[in-house]
file coords-v9.cif (mmCIF, C-alpha atoms and all ligand atoms)
data_upload
loop_
_atom_site.label_atom_id
_atom_site.label_comp_id
_atom_site.auth_asym_id
_atom_site.auth_seq_id
_atom_site.Cartn_x
_atom_site.Cartn_y
_atom_site.Cartn_z
CA MET A 13 168.93 18.88 102.38
CA THR A 14 171.56 17.58 104.74
CA THR A 15 171.82 13.91 105.44
CA THR A 16 170.54 14.47 108.97
CA ARG A 17 167.46 16.28 107.77
CA HIS A 18 166.94 13.57 105.18
CA LEU A 19 167.05 10.92 107.83
CA ALA A 20 164.74 12.87 110.13
CA LYS A 21 162.21 13.20 107.34
CA LEU A 22 162.46 9.54 106.46
CA ALA A 23 161.96 8.59 110.10
CA ALA A 24 158.89 10.80 110.31
CA THR A 25 157.45 9.25 107.17
CA LEU A 26 158.04 5.75 108.45
CA ALA A 27 156.47 6.57 111.79
CA GLY A 28 153.45 8.00 110.01
CA ALA A 29 153.13 4.86 107.90
CA ALA A 30 153.36 2.67 110.99
CA VAL A 31 150.61 4.61 112.73
CA LEU A 32 148.45 4.43 109.64
CA SER A 33 148.90 0.69 109.17
CA ALA A 34 148.31 0.03 112.87
CA SER A 35 145.05 1.91 112.76
CA LEU A 36 144.04 0.13 109.57
CA SER A 37 144.68 -3.28 111.03
CA ALA A 38 142.85 -2.32 114.21
CA GLN A 39 139.83 -1.57 112.07
CA ALA A 40 140.07 -4.46 109.63
CA ARG A 41 138.20 -7.44 110.94
CA GLU A 42 137.54 -10.94 109.68
CA LEU A 43 134.40 -12.86 110.56
CA SER A 44 133.99 -16.59 110.01
CA VAL A 45 130.90 -17.69 108.11
CA SER A 46 129.83 -21.34 108.22
CA THR A 47 127.94 -23.12 105.43
CA VAL A 48 127.13 -26.76 104.82
CA LEU A 49 127.50 -26.64 101.03
CA SER A 50 130.35 -25.07 99.06
CA ASP A 51 130.16 -22.47 96.31
CA ALA A 52 129.59 -25.23 93.76
CA PHE A 53 126.00 -24.97 95.06
CA PRO A 54 123.67 -21.93 95.24
CA TRP A 55 123.90 -22.12 99.05
CA GLY A 56 127.67 -21.57 99.09
CA GLN A 57 127.33 -18.94 96.40
CA ALA A 58 124.89 -17.05 98.62
CA ALA A 59 127.55 -16.83 101.33
CA GLU A 60 130.25 -15.78 98.86
CA LYS A 61 127.98 -13.08 97.46
CA TRP A 62 127.37 -11.78 100.98
CA ALA A 63 131.13 -11.68 101.58
CA GLU A 64 131.77 -9.90 98.30
CA LEU A 65 129.19 -7.18 98.97
CA VAL A 66 130.36 -6.62 102.55
CA GLU A 67 134.02 -6.37 101.58
CA GLU A 68 133.20 -3.91 98.81
CA ARG A 69 130.93 -1.71 100.93
CA THR A 70 133.12 -1.60 104.01
CA GLU A 71 136.17 -0.98 101.78
CA GLY A 72 137.86 -3.97 103.31
CA ARG A 73 137.17 -3.03 106.95
CA LEU A 74 135.10 -6.17 107.30
CA THR A 75 135.95 -9.46 105.64
CA LEU A 76 133.63 -12.46 105.73
CA ARG A 77 135.61 -15.66 105.34
CA VAL A 78 133.39 -18.55 104.27
CA TYR A 79 134.13 -22.02 105.64
CA PRO A 80 132.07 -24.56 103.66
CA ASN A 81 131.36 -28.27 104.21
CA SER A 82 130.40 -27.78 107.88
CA GLN A 83 134.15 -27.79 108.59
CA LEU A 84 133.83 -25.47 111.60
CA VAL A 85 131.64 -28.08 113.30
CA ALA A 86 133.63 -31.12 112.17
CA GLY A 87 130.97 -32.12 109.64
CA ASP A 88 128.09 -32.12 112.11
CA GLN A 89 125.72 -29.60 110.60
CA THR A 90 123.20 -29.89 113.44
CA ARG A 91 125.78 -28.24 115.74
CA GLU A 92 126.15 -25.14 113.59
CA PHE A 93 123.57 -23.06 115.45
CA SER A 94 125.00 -23.89 118.89
CA ALA A 95 128.50 -23.09 117.66
CA MET A 96 127.33 -19.71 116.37
CA ARG A 97 125.39 -19.04 119.54
CA SER A 98 128.43 -19.72 121.72
CA GLY A 99 130.73 -17.66 119.51
CA LEU A 100 132.85 -20.48 118.07
CA ILE A 101 131.49 -19.34 114.74
CA ASP A 102 130.86 -15.63 114.06
CA ALA A 103 128.18 -16.04 111.41
CA ALA A 104 126.48 -18.54 109.13
CA VAL A 105 124.23 -19.00 106.16
CA GLY A 106 122.35 -21.97 107.52
CA SER A 107 119.44 -24.27 106.85
CA THR A 108 116.25 -24.15 108.90
CA ILE A 109 116.45 -27.95 109.13
CA ASN A 110 119.94 -27.97 110.62
CA TRP A 111 119.09 -25.27 113.16
CA SER A 112 115.74 -26.77 114.15
CA PRO A 113 117.10 -28.95 116.97
CA GLN A 114 117.96 -25.70 118.81
CA VAL A 115 115.14 -23.53 117.45
CA PRO A 116 111.94 -25.64 117.43
CA GLU A 117 110.00 -22.92 115.59
CA LEU A 118 112.10 -23.66 112.49
CA ASN A 119 110.37 -27.04 112.16
CA LEU A 120 107.51 -25.07 110.63
CA PHE A 121 109.12 -25.41 107.20
CA SER A 122 109.57 -29.18 107.59
CA LEU A 123 105.89 -29.90 108.25
CA PRO A 124 105.11 -32.22 105.34
CA PHE A 125 103.12 -30.64 102.51
CA PHE A 126 102.50 -27.43 104.48
CA LEU A 127 103.99 -25.02 101.92
CA PRO A 128 102.73 -26.00 98.47
CA ASP A 129 104.60 -23.50 96.30
CA GLU A 130 107.11 -20.66 96.16
CA ALA A 131 104.42 -18.03 96.76
CA ALA A 132 103.53 -19.82 100.00
CA VAL A 133 107.16 -19.78 101.11
CA ASP A 134 107.48 -16.07 100.35
CA ALA A 135 104.20 -15.30 102.14
CA VAL A 136 105.52 -17.00 105.27
CA THR A 137 109.08 -15.69 105.30
CA GLY A 138 108.03 -12.19 104.25
CA GLY A 139 105.16 -11.79 106.72
CA GLU A 140 104.24 -11.99 110.38
CA ALA A 141 105.25 -15.65 110.66
CA GLY A 142 108.71 -14.79 109.33
CA GLU A 143 109.05 -12.06 111.96
CA MET A 144 108.02 -14.49 114.69
CA ILE A 145 110.69 -16.91 113.51
CA PHE A 146 113.36 -14.19 113.48
CA GLU A 147 112.32 -13.25 117.05
CA ALA A 148 112.67 -16.90 118.10
CA ILE A 149 116.21 -16.95 116.70
CA GLU A 150 117.13 -13.62 118.27
CA SER A 151 115.89 -14.79 121.67
CA ARG A 152 118.64 -17.43 121.41
CA ASP A 153 121.45 -14.89 120.99
CA VAL A 154 121.77 -15.07 117.25
CA ILE A 155 120.83 -12.12 115.04
CA PRO A 156 119.01 -13.21 111.87
CA LEU A 157 119.46 -10.85 108.93
CA ALA A 158 117.91 -12.30 105.80
CA TRP A 159 116.41 -15.30 104.02
CA GLY A 160 117.88 -17.46 101.27
CA GLU A 161 116.72 -20.79 99.91
CA ASN A 162 118.04 -24.31 99.61
CA GLY A 163 114.79 -25.21 97.87
CA PHE A 164 111.90 -27.66 97.70
CA ARG A 165 113.13 -31.11 98.65
CA GLN A 166 112.48 -34.04 96.32
CA LEU A 167 112.78 -37.74 96.99
CA SER A 168 115.23 -40.09 95.25
CA ASN A 169 116.04 -43.76 95.59
CA SER A 170 117.83 -46.63 93.91
CA ARG A 171 115.01 -49.20 94.01
CA GLY A 172 112.10 -48.06 91.89
CA PRO A 173 109.59 -45.31 91.12
CA ILE A 174 107.73 -43.89 94.11
CA SER A 175 104.25 -42.57 93.42
CA GLU A 176 102.36 -43.64 96.53
CA PRO A 177 103.21 -44.11 100.23
CA GLY A 178 103.23 -47.91 99.81
CA ASP A 179 106.23 -47.59 97.46
CA LEU A 180 108.33 -46.40 100.39
CA ASP A 181 107.61 -49.49 102.40
CA GLY A 182 110.80 -50.62 104.16
CA LEU A 183 113.08 -48.37 102.08
CA LYS A 184 116.11 -47.10 103.98
CA ILE A 185 116.09 -43.36 103.57
CA ARG A 186 118.89 -41.03 104.68
CA VAL A 187 117.34 -38.05 106.42
CA VAL A 188 118.84 -34.94 107.97
CA GLY A 189 119.47 -34.89 111.72
CA SER A 190 116.07 -33.59 112.75
CA PRO A 191 113.54 -35.78 114.58
CA LEU A 192 110.63 -34.45 112.53
CA PHE A 193 112.08 -36.15 109.43
CA GLN A 194 112.24 -39.40 111.29
CA ASP A 195 108.52 -39.07 112.04
CA THR A 196 107.58 -38.16 108.46
CA PHE A 197 109.35 -41.14 106.96
CA ASN A 198 108.12 -43.49 109.65
CA ALA A 199 104.57 -42.34 108.91
CA LEU A 200 105.19 -43.26 105.27
CA GLY A 201 106.31 -46.75 106.21
CA ALA A 202 109.97 -46.17 105.30
CA ASP A 203 113.02 -46.94 107.42
CA PRO A 204 114.69 -43.53 107.97
CA THR A 205 118.21 -43.03 109.34
CA GLN A 206 119.56 -39.66 110.40
CA MET A 207 123.01 -38.71 109.21
CA SER A 208 125.00 -35.66 108.20
CA TRP A 209 125.50 -34.66 104.59
CA THR A 210 129.17 -35.66 104.97
CA ASP A 211 128.11 -39.22 105.80
CA ALA A 212 125.23 -39.34 103.32
CA GLN A 213 127.27 -39.59 100.14
CA PRO A 214 129.32 -42.66 101.19
CA ALA A 215 126.14 -44.27 102.56
CA LEU A 216 124.44 -43.82 99.19
CA THR A 217 127.51 -45.07 97.32
CA THR A 218 127.80 -48.28 99.32
CA GLY A 219 124.05 -48.87 99.26
CA ALA A 220 123.86 -48.63 103.06
CA VAL A 221 120.77 -46.52 102.34
CA ASP A 222 118.34 -46.80 99.43
CA GLY A 223 117.31 -43.19 99.15
CA GLN A 224 117.58 -39.56 100.25
CA GLU A 225 115.77 -36.24 99.86
CA ASN A 226 117.28 -32.94 98.76
CA PRO A 227 116.52 -30.02 96.44
CA LEU A 228 117.16 -30.42 92.70
CA SER A 229 120.20 -28.13 92.87
CA VAL A 230 121.86 -30.43 95.40
CA PHE A 231 120.90 -33.56 93.46
CA ASP A 232 122.29 -32.02 90.28
CA VAL A 233 125.54 -30.48 91.54
CA ALA A 234 126.45 -33.43 93.79
CA ARG A 235 125.59 -35.82 90.91
CA ILE A 236 123.45 -37.95 93.20
CA ASP A 237 122.37 -40.05 90.21
CA GLN A 238 125.96 -41.27 89.92
CA VAL A 239 125.67 -42.97 93.28
CA GLY A 240 122.82 -45.11 92.04
CA GLN A 241 119.87 -42.80 92.68
CA GLN A 242 118.04 -43.42 89.43
CA HIS A 243 114.48 -42.68 90.58
CA LEU A 244 113.33 -39.20 91.51
CA THR A 245 109.88 -38.21 92.76
CA LEU A 246 108.87 -34.55 92.52
CA TRP A 247 106.62 -34.09 95.52
CA ASN A 248 107.61 -30.64 96.90
CA TYR A 249 106.92 -31.98 100.37
CA MET A 250 108.84 -29.24 102.12
CA ASN A 251 110.94 -26.18 101.40
CA ASP A 252 114.22 -25.49 103.14
CA PRO A 253 114.86 -21.76 103.48
CA LEU A 254 118.33 -20.54 104.44
CA ILE A 255 118.97 -17.84 107.03
CA PHE A 256 121.88 -15.38 107.12
CA ALA A 257 122.78 -14.74 110.76
CA VAL A 258 125.44 -13.38 113.11
CA ASN A 259 126.39 -14.16 116.71
CA ARG A 260 124.93 -11.53 119.06
CA GLN A 261 128.21 -10.45 120.69
CA VAL A 262 129.85 -10.01 117.32
CA TRP A 263 126.83 -8.00 116.21
CA ASP A 264 126.93 -5.80 119.32
CA SER A 265 130.65 -5.13 118.80
CA LEU A 266 130.09 -3.63 115.34
CA ASP A 267 129.25 0.01 114.79
CA GLU A 268 125.87 0.86 113.40
CA GLY A 269 127.11 1.58 109.90
CA ASP A 270 128.75 -1.79 109.53
CA ARG A 271 125.68 -3.55 110.93
CA GLU A 272 123.55 -1.85 108.32
CA ILE A 273 125.99 -2.90 105.58
CA LEU A 274 125.99 -6.50 106.85
CA ARG A 275 122.20 -6.62 106.94
CA GLU A 276 121.63 -5.00 103.56
CA ALA A 277 124.27 -7.16 101.91
CA ALA A 278 122.65 -10.28 103.38
CA VAL A 279 119.22 -9.23 102.10
CA GLU A 280 120.62 -8.60 98.63
CA ALA A 281 122.66 -11.80 98.54
CA GLY A 282 119.61 -13.75 99.71
CA GLN A 283 117.29 -12.27 97.11
CA TRP A 284 119.87 -12.88 94.41
CA GLU A 285 120.34 -16.50 95.46
CA ILE A 286 116.60 -17.25 95.80
CA ALA A 287 115.91 -15.90 92.31
CA MET A 288 118.81 -17.85 90.83
CA THR A 289 117.85 -21.11 92.56
CA ARG A 290 114.28 -20.86 91.32
CA GLU A 291 115.24 -19.84 87.79
CA GLU A 292 117.62 -22.75 87.45
CA GLU A 293 115.17 -25.46 88.58
CA GLY A 294 113.88 -26.17 85.06
CA GLU A 295 117.33 -26.55 83.54
CA ARG A 296 118.45 -28.70 86.42
CA LEU A 297 115.52 -31.06 86.02
CA ALA A 298 116.21 -31.33 82.29
CA ALA A 299 119.89 -32.07 82.95
CA ILE A 300 118.98 -34.72 85.52
CA GLN A 301 116.56 -36.39 83.10
CA GLU A 302 119.15 -36.30 80.34
CA ARG A 303 121.48 -38.26 82.56
CA GLY A 304 118.89 -41.05 82.56
CA VAL A 305 117.10 -40.45 85.87
CA ASN A 306 113.51 -41.69 85.92
CA VAL A 307 111.38 -38.74 87.13
CA THR A 308 107.94 -39.30 88.68
CA GLU A 309 105.40 -36.49 88.97
CA LEU A 310 102.39 -37.05 91.22
CA THR A 311 98.77 -36.79 90.15
CA ASP A 312 96.51 -34.81 92.51
CA GLU A 313 95.19 -38.05 93.92
CA GLN A 314 98.66 -39.46 94.57
CA TYR A 315 99.67 -36.18 96.21
CA ARG A 316 96.63 -36.35 98.50
CA ALA A 317 97.57 -39.87 99.58
CA PHE A 318 100.96 -38.56 100.80
CA VAL A 319 99.28 -35.63 102.56
CA GLU A 320 96.91 -37.96 104.39
CA ALA A 321 99.62 -40.44 105.33
CA THR A 322 101.67 -37.68 107.00
CA ALA A 323 98.81 -35.84 108.77
CA GLU A 324 99.84 -37.38 112.11
CA VAL A 325 103.18 -35.57 111.88
CA HIS A 326 101.30 -32.26 112.03
CA ASP A 327 99.31 -33.40 115.07
CA LYS A 328 102.51 -34.18 116.93
CA TRP A 329 104.65 -31.24 115.81
CA VAL A 330 102.31 -28.23 115.66
CA PRO A 331 102.29 -27.87 119.48
CA ARG A 332 106.09 -28.02 119.53
CA ILE A 333 106.42 -25.40 116.82
CA GLY A 334 103.78 -23.23 118.48
CA GLU A 335 100.09 -22.97 117.57
CA ALA A 336 100.26 -19.20 117.07
CA LEU A 337 103.17 -19.40 114.64
CA VAL A 338 101.57 -22.21 112.63
CA GLU A 339 98.31 -20.24 112.51
CA ALA A 340 100.07 -17.07 111.30
CA ALA A 341 101.82 -19.12 108.62
CA ARG A 342 98.59 -20.84 107.60
CA GLU A 343 96.85 -17.50 107.20
CA ALA A 344 99.73 -16.16 105.12
CA VAL A 345 99.58 -19.21 102.84
CA GLU A 346 95.84 -18.89 102.38
CA ALA A 347 96.03 -15.17 101.60
CA ARG A 348 98.90 -15.52 99.11
O1 LIG B 401 122.14 -32.40 104.58
C1 LIG B 401 121.40 -32.03 103.67
O2 LIG B 401 120.61 -32.79 103.10
C2 LIG B 401 121.44 -30.59 103.22
C3 LIG B 401 122.77 -30.35 102.54
O3 LIG B 401 120.42 -30.34 102.30
C4 LIG B 401 121.27 -29.73 104.42
O4 LIG B 401 122.20 -29.27 105.00
C5 LIG B 401 119.91 -29.50 104.91
#
call {"tool": "encode", "arguments": {"input": "coords-v9.cif", "output": "structure tokens", "more": "lines below"}}
Ligand code: X2X
result
Amino acid sequence: MTTTRHLAKLAATLAGAAVLSASLSAQARELSVSTVLSDAFPWGQAAEKWAELVEERTEGRLTLRVYPNSQLVAGDQTREFSAMRSGLIDAAVGSTINWSPQVPELNLFSLPFFLPDEAAVDAVTGGEAGEMIFEAIESRDVIPLAWGENGFRQLSNSRGPISEPGDLDGLKIRVVGSPLFQDTFNALGADPTQMSWTDAQPALTTGAVDGQENPLSVFDVARIDQVGQQHLTLWNYMNDPLIFAVNRQVWDSLDEGDREILREAAVEAGQWEIAMTREEEGERLAAIQERGVNVTELTDEQYRAFVEATAEVHDKWVPRIGEALVEAAREAVEAR
């Protein structure tokens, strides 16, 4: 081969490589995924699992980059849904509580003592009520793909054991930024203050608040007992499902194959995370007790006293959530 022919061949090869890499980079796409909790928690792990499955199945065409700690909304988790809706965020694995200010139907899960056990949660999310909720989200330009679970929320405080509503009298409780929580804790005679998760930990540390409520996984991983929360009441007063979702324009811009991969991967990641969260509850409770936390379990009578004390919250919120949705959920729970 002459030098000229050599060079010509080399040039052709380089040109080919350039075309190939240009077309690859045109196809490769990165989507931002917001979460409140990092992958130290099941919630963050759910998002990472989703990312892993999508990357694998699209052979790198689609990358989900997870941004934990509500960093894409400057720590204000109640703005996550709006940010996703407007396209500032491409996707999220988010809590029904944090999205409820924009999607009132999501308050269903926060109705106190409405969903007594895991079977009740599954009956709601997996049935007609779940579909109605997904429609409510979709009507607000966000495409919901699958369910996950933050878990049943339990009550902790630094003052003393809580086994009846009177024990909450005057206690300052940090609640999430949803007005329904304000109503629930007011009904119980407590003094609730809404703040983000980012602000909650310093507020607990300094004693600015006496208590908080979160699932056992959050209590355990965030070592809430080490900020003085030595009393924990297991009351399963509400469950906080997570939802995997994507901004509508982003969704519409994807081809059908990639949409299917995104959806299936979300369903799988969600099922994996729900099973793990539930399986780990026992070990987590044991670990929390070993660290010296005083755990209170309610008798049936004590449980009923909490149910009665919070009945007014249902009266106020059922119309806002929607009678038909609450009825569909109630039927699902009864038939479980
Ligand atoms: O802020 C909370 O308590 C948390 C982390 O559980 C949620 O985002 C709902």
call {"tool": "atom_distance", "arguments": {"input": "coords-v9.cif", "atom1": "atom CA of Phe197 of chain A", "atom2": "atom CA of Phe121 of chain A"}}
result
15.7 Å
call {"tool": "closest_atom_pairs", "arguments": {"input": "coords-v9.cif", "of": "chain A", "to": "ligand LIG 401 (chain B)", "cutoff": "10 Å", "atoms": "only C-alpha atoms and all ligand atoms", "output": "Markdown table"}}
result
| residue | atom | partner | partner_atom | distance |
| --- | --- | --- | --- | --- |
| A:Thr47 | CA | B:LIG401 | O4 | 8.4 |
| A:Val48 | CA | B:LIG401 | O4 | 5.5 |
| A:Leu49 | CA | B:LIG401 | C3 | 6.2 |
| A:Ser50 | CA | B:LIG401 | C3 | 9.9 |
| A:Phe53 | CA | B:LIG401 | C3 | 9.8 |
| A:Trp55 | CA | B:LIG401 | C3 | 9.0 |
| A:Asn81 | CA | B:LIG401 | C3 | 9.0 |
| A:Ser82 | CA | B:LIG401 | O4 | 8.8 |
| A:Asp88 | CA | B:LIG401 | O1 | 9.6 |
| A:Gln89 | CA | B:LIG401 | O4 | 6.6 |
| A:Thr90 | CA | B:LIG401 | O4 | 8.5 |
| A:Gly106 | CA | B:LIG401 | O4 | 7.7 |
| A:Ser107 | CA | B:LIG401 | C5 | 5.6 |
| A:Thr108 | CA | B:LIG401 | C5 | 7.6 |
| A:Ile109 | CA | B:LIG401 | C5 | 5.7 |
| A:Asn110 | CA | B:LIG401 | C5 | 5.9 |
| A:Trp111 | CA | B:LIG401 | C5 | 9.3 |
| A:Asn162 | CA | B:LIG401 | O3 | 7.0 |
| A:Gly163 | CA | B:LIG401 | O3 | 8.8 |
| A:Arg165 | CA | B:LIG401 | O3 | 8.2 |
| A:Arg186 | CA | B:LIG401 | O2 | 8.6 |
| A:Val187 | CA | B:LIG401 | O2 | 7.0 |
| A:Val188 | CA | B:LIG401 | O1 | 5.4 |
| A:Gly189 | CA | B:LIG401 | O1 | 8.0 |
| A:Ser190 | CA | B:LIG401 | C5 | 9.6 |
| A:Gln206 | CA | B:LIG401 | O1 | 9.7 |
| A:Met207 | CA | B:LIG401 | O1 | 7.9 |
| A:Ser208 | CA | B:LIG401 | O1 | 5.6 |
| A:Trp209 | CA | B:LIG401 | O1 | 4.0 |
| A:Thr210 | CA | B:LIG401 | O1 | 7.8 |
| A:Asp211 | CA | B:LIG401 | O1 | 9.1 |
| A:Ala212 | CA | B:LIG401 | O1 | 7.7 |
| A:Gln213 | CA | B:LIG401 | O1 | 9.9 |
| A:Gln224 | CA | B:LIG401 | O2 | 7.9 |
| A:Glu225 | CA | B:LIG401 | O2 | 6.8 |
| A:Asn226 | CA | B:LIG401 | O3 | 5.4 |
| A:Pro227 | CA | B:LIG401 | O3 | 7.0 |
| A:Ser229 | CA | B:LIG401 | O3 | 9.7 |
| A:Val230 | CA | B:LIG401 | O3 | 7.0 |
| A:Phe231 | CA | B:LIG401 | O3 | 9.4 |
| A:Ala234 | CA | B:LIG401 | C3 | 10.0 |
| A:Asp252 | CA | B:LIG401 | C5 | 7.2 |
| A:Pro253 | CA | B:LIG401 | C5 | 9.4 |
| A:Leu254 | CA | B:LIG401 | C5 | 9.1 |
call {"tool": "residues_around", "arguments": {"input": "coords-v9.cif", "residues": "segment 91-97 of chain A", "least_positions_apart": "3", "cutoff": "9 Å", "atoms": "all atoms listed in the file", "output": "ChimeraX atom specification"}}
result
/A:46-48,82,84-85,87-88,100-104,106,110-115,152-154,257-260
call {"tool": "closest_atom_pairs", "arguments": {"input": "coords-v9.cif", "of": "segment 33-114 of chain A", "to": "segment 267-273 of chain A", "cutoff": "10 Å", "atoms": "only C-alpha atoms", "output": "CSV"}}
result
residue,atom,partner,partner_atom,distance
A:Leu65,CA,A:Ile273,CA,8.5
A:Val66,CA,A:Ile273,CA,6.5
A:Glu67,CA,A:Ile273,CA,9.6
A:Glu68,CA,A:Ile273,CA,9.9
A:Arg69,CA,A:Ile273,CA,6.9
A:Thr70,CA,A:Asp270,CA,7.0
A:Arg73,CA,A:Asp270,CA,8.9
A:Leu74,CA,A:Asp270,CA,8.0
call {"tool": "atom_distance", "arguments": {"input": "coords-v9.cif", "atom1": "atom CA of Asn248 of chain A", "atom2": "atom CA of Ile300 of chain A"}}
result
16.6 Å
call {"tool": "closest_atom_pairs", "arguments": {"input": "coords-v9.cif", "of": "segment 224-300 of chain A", "to": "segment 310-327 of chain A", "cutoff": "10 Å", "atoms": "all atoms listed in the file", "output": "tab-separated table"}}
result
residue	atom	partner	partner_atom	distance
A:Thr245	CA	A:Leu310	CA	7.7
A:Leu246	CA	A:Leu310	CA	7.1
A:Trp247	CA	A:Leu310	CA	6.7
A:Asn248	CA	A:Tyr315	CA	9.7
A:Tyr249	CA	A:Val319	CA	8.7
call {"tool": "atom_distance", "arguments": {"input": "coords-v9.cif", "atom1": "atom CA of Ala278 of chain A", "atom2": "atom CA of Ala63 of chain A"}}
result
8.8 Å
call {"tool": "residues_around", "arguments": {"input": "coords-v9.cif", "residues": "Arg342 of chain A", "least_positions_apart": "6", "cutoff": "10 Å", "atoms": "only C-alpha atoms", "output": "VMD selection string"}}
result
chain A and resid 126 to 127 132 135 to 136 141 336
call {"tool": "closest_residue", "arguments": {"input": "coords-v9.cif", "among": "A:Glu147, A:Asp134, A:Glu346, A:Glu292", "to": "Glu117 of chain A", "atoms": "only C-alpha atoms"}}
result
A:Glu147
call {"tool": "closest_residue", "arguments": {"input": "coords-v9.cif", "among": "A:Ala131, A:Met144, A:Ala298, A:Ala220", "to": "Arg348 of chain A", "atoms": "all atoms listed in the file"}}
result
A:Ala131
call {"tool": "closest_residue", "arguments": {"input": "coords-v9.cif", "among": "A:Thr205, A:Asn306, A:Ser98, A:Asn251", "to": "Leu183 of chain A", "atoms": "all atoms listed in the file"}}
result
A:Thr205
